[in-house]
Amino acid sequence: MKVVLQDLVKKFPASDSIAVNHIHLTIEDGELAVFLGPSGCGKTTTMRMIAGLETPDSGQIFIGDRDVTYIAPKDRRVAMVFQNFSMYPSMTVYENIAFPLQVLKLSREEIDQQVKEAAGLVGIGHLLQRSSRQVSGGEAQRVALARAMVRRPEVFLMDEPLSSLDAKLRIQLRTEIKRLHRDTGTTIIFVTHDQEEAMSLGDKIVVMDHGNVQQVGTPQEVFFKPRNLFVANFVGTPSMNLFDGTIQQNGSGLCVDLAGLAQPLPERFQAAKAGKEVKWGIRHEAVKILDDNEPGDVSGEIELIEALGSRQQVFVRAADKLFSVMIDALYPARVGDTLHLRFDASSVHLFDAQTGLSLAEAG
Amino acid sequence: MQYSWGQRVVAYLVFMVMAILVVIPLMAGLLTAFKPQIIWVSSPPIWIFTPTLENFEFVFVQRQNLLHLRNSLIIATGSVTIALILGVPAAYALARFRFRGSKGLLQWLISLRMIPPIVVVLPFYVLFQTFDLRNTHIGMILAYLTFLIPLVIWMMRGYFVEIPSAMEECAMVEGYSRLQALRKVVLPVVTPGIIATALLNFIFAWNEYFLALILGGRNTSTLPVATATYVGRARVEWGNLFAINLIIMVPVIILTIILRRQLVKGLSLGLVD
């Protein structure tokens, strides 16, 4: 079911500071949308308002064509999976999954059939008689998933359901949620602070910070075309290399002066004016390592190396700036070695130093 | 954890000393309750004798302490039941919602527990006189509620705070109202806590002496008040005293044995299953 948020505002009752600041958002029917942002950015509050666990101070929430803004959670036909709660401890796995069905006054046979079907889908069919003490953290989170599915909700809400699990299990369950989404076609809203999780799951990523939506887009858009400095910084590991710079006249054309390091101004930023303060950024993927120095390339000394398995992250000091670069693990890099870096001009990002907005967007 | 042989010996020795300190007076009392009057006090104490029920006959028949037992049962169970009915929902509300004055309310409640009864007994006496509550069961129950309700609220609030609020929020999203969620999901989890709370409150009301002495009367005297009548100015009726003490102890011991699993769970916040 389509979910529409219109001008949604929520203040924290205690401090009167704004948790969610005039959010407008449309999540299409069948979409898997991820709310991504650091803790305290308002993503969970927004989700809790969709679930009905918080009442907005102003604005409206639509699920399908229904205005649910002031409807009780139980009547919203949504299901929610929580971060710090998975199983009702006083019930067995079976009773847990049957719990949302009992209120619907279904027959015993119907409940039995639907419980078994949902348990089978998330691979816990063999655990039905276990008590909450006899299941592991991953299994308990599967119970929560099954309990959410069994109601056949119009929207799934998932509030960091994987963040309390260990890394391996997290990736495994992430794949299963993706499969669940494909099989059921139900709209899913997923909240996470883990940008890798967001990238791998989302059809649409909603990047949030300080109660504001910073960018809405596909994982590719958010990664390759960050709308502002926050998104550029937050998305991608390691973070984008970002340096202060000024746009300057260079003969007949323009360049970016990075305090001791002049870089050409890529074609698409030619509208920018000389003298403008900017942030110049490049992701480590767009930095090439060269054997020989050519004009326009940057040379620097390796300051630190972090081994990351198949690759190594290398920090190169050049023109008094620290560039983070990913290179193959087999490359014989050593601290103190000189590396020649070349920046792919088409992957350079420029942001207005004042507003933080991308110059590609503006210009 | 594994303990060495030596550690275990030391631990058991300490436990034995503690047990002896508790058990010896109890044993002496228990024996005296069954001793004929002639050997209640004797030097050296007589350990072996033919047990008799004459002390129990005396307290129940001659002194009609059965009436006091009835009063104790009515007042203790009545006040604990009402304290739970009022206190458990209040504790839930104070655990889950912050509202204007909620913090002050909690502090006020605990201050009620800190006031010694002797401070309030005079005003209570005047109030009870005015409203004809002296020497009534209702009056005694009301008096005890002022102490029991804060105790219930503080204990139960602790149990509710331990439960993630996501638990009832989850039930609320899954089609239940908050009240239904409380009943079906939260209450089963805090049942051991409710039992521990009920038992502690029962013991408090059951043992209470001072308020019962001042505010009670002929029709409402409880067992502890009756006990005092066996300590005279000239002499103490040891056998009768211990007979009635035994009657006071037995219900609590039986309740504790029946509920001990839940009690341990409740008092350890679920750490021991």
# chains A, B, ... in the order shown; residues from 1 in each chain; ligands from 1
>>> interface_residues(of="chain B", to="chain A", cutoff="10 Å", atoms="only C-alpha atoms", output="PyMOL selection string")
chain B and resi 98+163-178+184-190
>>> closest_residue(among="B:Thr227, B:Ser102, B:Ser111, B:Gln37", to="B:Phe242", atoms="only C-alpha atoms")
B:Thr227
>>> residues_around(residues="A:Glu285", least_positions_apart="6", cutoff="10 Å", atoms="only C-alpha atoms", output="PyMOL selection string")
chain A and resi 238+240+324-327+343-344+347
>>> residues_around(residues="B:Pro117", least_positions_apart="5", cutoff="12 Å", atoms="only C-alpha atoms", output="compact mmCIF listing (two decimals) with C-alpha atoms, in the first residue's frame")
# COMPACT_ATOMS: atom_id res chain seq x y z
CA LEU B 112 4.70 7.89 52.79
CA LEU B 122 -2.72 10.64 66.33
CA PRO B 123 -4.23 12.42 63.33
CA PHE B 124 -5.46 9.02 62.16
CA TYR B 125 -7.06 8.47 65.53
CA ALA B 143 -5.04 2.58 57.56
CA TYR B 144 -2.83 -0.17 56.12
CA THR B 146 -1.61 4.22 53.21
CA PHE B 147 1.52 2.14 53.71
CA GLU B 208 1.77 -4.82 61.95
CA TYR B 209 1.28 -4.05 65.64
CA PHE B 210 1.23 -0.36 66.40
CA LEU B 211 -1.64 0.91 64.22
CA ALA B 212 -3.65 -2.19 65.08
CA LEU B 213 -3.18 -1.48 68.77
CA ILE B 214 -4.25 2.18 68.60
CA LEU B 215 -6.87 2.17 65.86
>>> residues_around(residues="A:Arg66", least_positions_apart="4", cutoff="12 Å", atoms="only C-alpha atoms", output="PyMOL selection string")
chain A and resi 1-5+60-62+70-71+75-77+154
>>> residues_around(residues="B:Ile195", least_positions_apart="6", cutoff="8 Å", atoms="only C-alpha atoms", output="list in words")
Leu259, Gln262, Leu263 and Gly266 of chain B
>>> select_by_dssp(residues="stretch 134-336 of chain A", states="alpha helix (DSSP H)", output="ChimeraX atom specification")
/A:137-149,167-184,195-201,219-224,229-234
>>> select_by_dssp(residues="stretch 109-350 of chain A", states="strand (DSSP E)", output="ChimeraX atom specification")
/A:155-159,187-192,204-209,212-217,241-250,253-257,262-264,277-282,287-290,298-308,311-318,321-328,338-343,349-350
>>> write_last_selection(atoms="C-alpha atoms", output="PDB file, in the first residue's frame")
ATOM      1  CA  VAL A 155       2.795  -2.056   5.262  1.00  0.00           C
ATOM      2  CA  PHE A 156       5.730  -3.652   7.082  1.00  0.00           C
ATOM      3  CA  LEU A 157       7.595  -1.353   9.412  1.00  0.00           C
ATOM      4  CA  MET A 158      11.034  -2.527  10.517  1.00  0.00           C
ATOM      5  CA  ASP A 159      12.873  -0.497  13.117  1.00  0.00           C
ATOM      6  CA  THR A 187       5.448  -2.197   1.000  1.00  0.00           C
ATOM      7  CA  ILE A 188       8.296  -2.246   3.502  1.00  0.00           C
ATOM      8  CA  ILE A 189       9.720   0.684   5.414  1.00  0.00           C
ATOM      9  CA  PHE A 190      13.050  -0.177   7.005  1.00  0.00           C
ATOM     10  CA  VAL A 191      14.903   2.015   9.467  1.00  0.00           C
ATOM     11  CA  THR A 192      18.669   1.681   9.855  1.00  0.00           C
ATOM     12  CA  LYS A 204      14.511   3.894  -2.312  1.00  0.00           C
ATOM     13  CA  ILE A 205      16.707   5.454   0.342  1.00  0.00           C
ATOM     14  CA  VAL A 206      15.528   8.357   2.442  1.00  0.00           C
ATOM     15  CA  VAL A 207      18.560   9.968   4.047  1.00  0.00           C
ATOM     16  CA  MET A 208      17.620  11.899   7.175  1.00  0.00           C
ATOM     17  CA  ASP A 209      19.414  14.198   9.568  1.00  0.00           C
ATOM     18  CA  ASN A 212      14.923  16.717   7.891  1.00  0.00           C
ATOM     19  CA  VAL A 213      14.929  14.621   4.770  1.00  0.00           C
ATOM     20  CA  GLN A 214      18.326  15.244   3.189  1.00  0.00           C
ATOM     21  CA  GLN A 215      17.833  13.234   0.024  1.00  0.00           C
ATOM     22  CA  VAL A 216      15.444  10.705  -1.448  1.00  0.00           C
ATOM     23  CA  GLY A 217      16.745   8.463  -4.189  1.00  0.00           C
ATOM     24  CA  ASN A 241      37.577  12.576   0.792  1.00  0.00           C
ATOM     25  CA  LEU A 242      36.433  16.167   1.350  1.00  0.00           C
ATOM     26  CA  PHE A 243      38.604  19.296   1.369  1.00  0.00           C
ATOM     27  CA  ASP A 244      38.053  23.037   1.537  1.00  0.00           C
ATOM     28  CA  GLY A 245      38.739  24.913  -1.664  1.00  0.00           C
ATOM     29  CA  THR A 246      38.124  28.061  -3.657  1.00  0.00           C
ATOM     30  CA  ILE A 247      37.206  28.399  -7.294  1.00  0.00           C
ATOM     31  CA  GLN A 248      39.822  30.479  -9.067  1.00  0.00           C
ATOM     32  CA  GLN A 249      40.601  31.895 -12.447  1.00  0.00           C
ATOM     33  CA  ASN A 250      43.283  29.847 -14.163  1.00  0.00           C
ATOM     34  CA  GLY A 253      39.371  28.730 -17.492  1.00  0.00           C
ATOM     35  CA  LEU A 254      38.544  27.974 -13.863  1.00  0.00           C
ATOM     36  CA  CYS A 255      40.130  25.628 -11.376  1.00  0.00           C
ATOM     37  CA  VAL A 256      39.640  24.637  -7.781  1.00  0.00           C
ATOM     38  CA  ASP A 257      42.387  25.722  -5.442  1.00  0.00           C
ATOM     39  CA  ALA A 262      45.070  23.057  -7.836  1.00  0.00           C
ATOM     40  CA  GLN A 263      42.552  20.751  -9.419  1.00  0.00           C
ATOM     41  CA  PRO A 264      40.812  21.272 -12.744  1.00  0.00           C
ATOM     42  CA  GLU A 277      34.184  28.881  -1.382  1.00  0.00           C
ATOM     43  CA  VAL A 278      33.556  25.195  -1.998  1.00  0.00           C
ATOM     44  CA  LYS A 279      34.071  21.715  -0.620  1.00  0.00           C
ATOM     45  CA  TRP A 280      35.811  19.485  -3.103  1.00  0.00           C
ATOM     46  CA  GLY A 281      35.176  15.776  -2.718  1.00  0.00           C
ATOM     47  CA  ILE A 282      36.131  12.473  -4.260  1.00  0.00           C
ATOM     48  CA  VAL A 287      41.159   7.567  -7.077  1.00  0.00           C
ATOM     49  CA  LYS A 288      43.572   5.652  -9.301  1.00  0.00           C
ATOM     50  CA  ILE A 289      47.051   4.576  -8.305  1.00  0.00           C
ATOM     51  CA  LEU A 290      49.654   5.194 -11.002  1.00  0.00           C
ATOM     52  CA  VAL A 298      49.218  14.111  -7.081  1.00  0.00           C
ATOM     53  CA  SER A 299      52.060  12.454  -5.254  1.00  0.00           C
ATOM     54  CA  GLY A 300      52.131  11.751  -1.579  1.00  0.00           C
ATOM     55  CA  GLU A 301      53.561   9.628   1.153  1.00  0.00           C
ATOM     56  CA  ILE A 302      51.719   6.710   2.755  1.00  0.00           C
ATOM     57  CA  GLU A 303      50.990   7.540   6.375  1.00  0.00           C
ATOM     58  CA  LEU A 304      48.832   4.644   7.510  1.00  0.00           C
ATOM     59  CA  ILE A 305      47.633   1.306   6.138  1.00  0.00           C
ATOM     60  CA  GLU A 306      44.601  -0.659   7.293  1.00  0.00           C
ATOM     61  CA  ALA A 307      44.225  -4.199   5.957  1.00  0.00           C
ATOM     62  CA  LEU A 308      40.614  -5.024   5.087  1.00  0.00           C
ATOM     63  CA  ARG A 311      41.685  -4.689  -0.116  1.00  0.00           C
ATOM     64  CA  GLN A 312      43.662  -2.294   1.991  1.00  0.00           C
ATOM     65  CA  GLN A 313      42.773   1.244   2.945  1.00  0.00           C
ATOM     66  CA  VAL A 314      45.743   3.531   2.518  1.00  0.00           C
ATOM     67  CA  PHE A 315      46.009   7.063   3.861  1.00  0.00           C
ATOM     68  CA  VAL A 316      48.195   9.250   1.675  1.00  0.00           C
ATOM     69  CA  ARG A 317      49.472  12.630   2.799  1.00  0.00           C
ATOM     70  CA  ALA A 318      49.709  15.029  -0.157  1.00  0.00           C
ATOM     71  CA  LYS A 321      45.911  16.714   3.069  1.00  0.00           C
ATOM     72  CA  LEU A 322      45.098  13.151   4.015  1.00  0.00           C
ATOM     73  CA  PHE A 323      43.532  11.176   1.149  1.00  0.00           C
ATOM     74  CA  SER A 324      41.953   7.814   1.845  1.00  0.00           C
ATOM     75  CA  VAL A 325      42.434   5.371  -0.996  1.00  0.00           C
ATOM     76  CA  MET A 326      41.449   1.720  -1.451  1.00  0.00           C
ATOM     77  CA  ILE A 327      43.948  -0.486  -3.180  1.00  0.00           C
ATOM     78  CA  ASP A 328      44.290  -4.184  -3.831  1.00  0.00           C
ATOM     79  CA  THR A 338      55.353   7.440  -2.341  1.00  0.00           C
ATOM     80  CA  LEU A 339      52.100   6.907  -4.239  1.00  0.00           C
ATOM     81  CA  HIS A 340      50.916   8.717  -7.367  1.00  0.00           C
ATOM     82  CA  LEU A 341      47.199   9.445  -7.316  1.00  0.00           C
ATOM     83  CA  ARG A 342      44.964  10.446 -10.208  1.00  0.00           C
ATOM     84  CA  PHE A 343      41.440  11.716  -9.634  1.00  0.00           C
ATOM     85  CA  HIS A 349      31.926  16.408  -6.246  1.00  0.00           C
ATOM     86  CA  LEU A 350      31.653  20.086  -5.474  1.00  0.00           C
TER      87      LEU A 350
END
>>> residues_around(residues="B:Met156", least_positions_apart="4", cutoff="7 Å", atoms="only C-alpha atoms", output="list in words")
Val88, Ala91, Val152, Phe160, Gly193 and Ile194 of chain B
>>> closest_residue(among="A:Ser310, A:Ser164, A:Gln172, A:Gln114", to="A:Tyr331", atoms="only C-alpha atoms")
A:Ser310
